[in-house]
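*Asks:* What follows is a structure written as structure tokens; I'll ask about it next.
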Amino acid sequence: MYAARFAELSSFPCWLRNSSVLGKLLRAALNHAIVLFRRLLFVVPVLAAALFLTFALTRIVPGNPIDRVAGPYVSEDRRAEMKHEAYLDRPFYTQFGLYVRDLVHGDMGVSYSTAQDVSKDLRQRFPAT
């Protein structure tokens, strides 16, 4: 498919257009490189969409995650402090930007269930997969 398209180009080198084995191998390698490049190019928007959807779905859930984690005996001042630490007191787009920034830097936050870094928990449990 791609070989026919590129063989028609006049700027395509003549040694790739002939029927030699080397030309066929190079055309096949070029076709594979183009397919790989296109697939890698599509990975970026797919990952961005998945990242946004997972972030949005966690924010759409009714209630406040701090209220679920803190329990009934935590003071309002401590709840406000926890919301500020989790960036929940900021607008949605700011929360998403900070979330992406932290992910790029490798900071996945602290697990509410184990009180450890999430990246440390993942490293411990990754060999089991």
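The way I read the labels, and the way they are meant: chains A, B, ... in the order of the structure tokens, residue 1 as the first residue of every chain, and ligand 1 as the first ligand shown, with later ones counted on from there.
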Contacts of range 59-74 of chain A at 8 Å or less, counting only C-alpha atoms, minus same-chain residues fewer than 5 places along, as number ranges by chain?
*Replies:* A: 79, 82-83, 112
*Asks:* Need to verify the contact set: range 118-128 of chain A, 8 Å, only C-alpha atoms, exclusion of same-chain residues closer than 3 positions in sequence. Can you return it as a list in words?
*Replies:*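 That gives Gly106, Asp107, Met108, Gly109, Val110 and Ser111 of chain A.
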*Asks:* Please dump the current selection as a tab-separated table (two decimals), in the first residue's frame; keep C-alpha atoms.
*Replies:*
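File again_36.tsv, as written:
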```tsv
chain	number	residue	atom	x	y	z
A	106	GLY	CA	6.76	10.79	38.52
A	107	ASP	CA	4.81	11.96	41.56
A	108	MET	CA	1.64	9.88	41.78
A	109	GLY	CA	0.73	11.07	45.24
A	110	VAL	CA	0.20	9.23	48.49
A	111	SER	CA	-2.14	6.28	48.82
```
*Asks:* Would you please extract all helix (DSSP H, G or I) residues from range 28-114 of chain A, as assigned by DSSP on the backbone, and give them as a count of residues only?
*Replies:* 62
*Asks:* Have a look at A:Phe96, A:Glu81, A:Thr114, A:Arg101 and name the one nearest to Phe52 in chain A; count only C-alpha atoms.
*Replies:*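 Looking at the shortest contact to Phe52 in chain A, the residue is A:Phe96.
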*Asks:* So what do you get for CA of Val44 in chain A versus CA of His105 in chain A, distance-wise?
*Replies:*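 Distance reported for this atom pair: 17.4 Å.
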*Asks:* At a cut-off of 12 Å, using only C-alpha atoms, what residues contact Phe92 in chain A? Leave out same-chain residues fewer than 5 positions from it and give the result as a list in words.
*Replies:*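 The neighbour list is Phe52, Phe55, Ala56, Leu57, Thr58, Arg59, Ile60, Tyr87, Gly97, Leu98 and Tyr99 of chain A.
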*Asks:* Quick check, in Å to one decimal: how far apart do CA of Gln95 in chain A and CA of Ala48 in chain A lie?
*Replies:*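 Spanning CA of Gln95 in chain A to CA of Ala48 in chain A is a straight-line distance of 15.2 Å.
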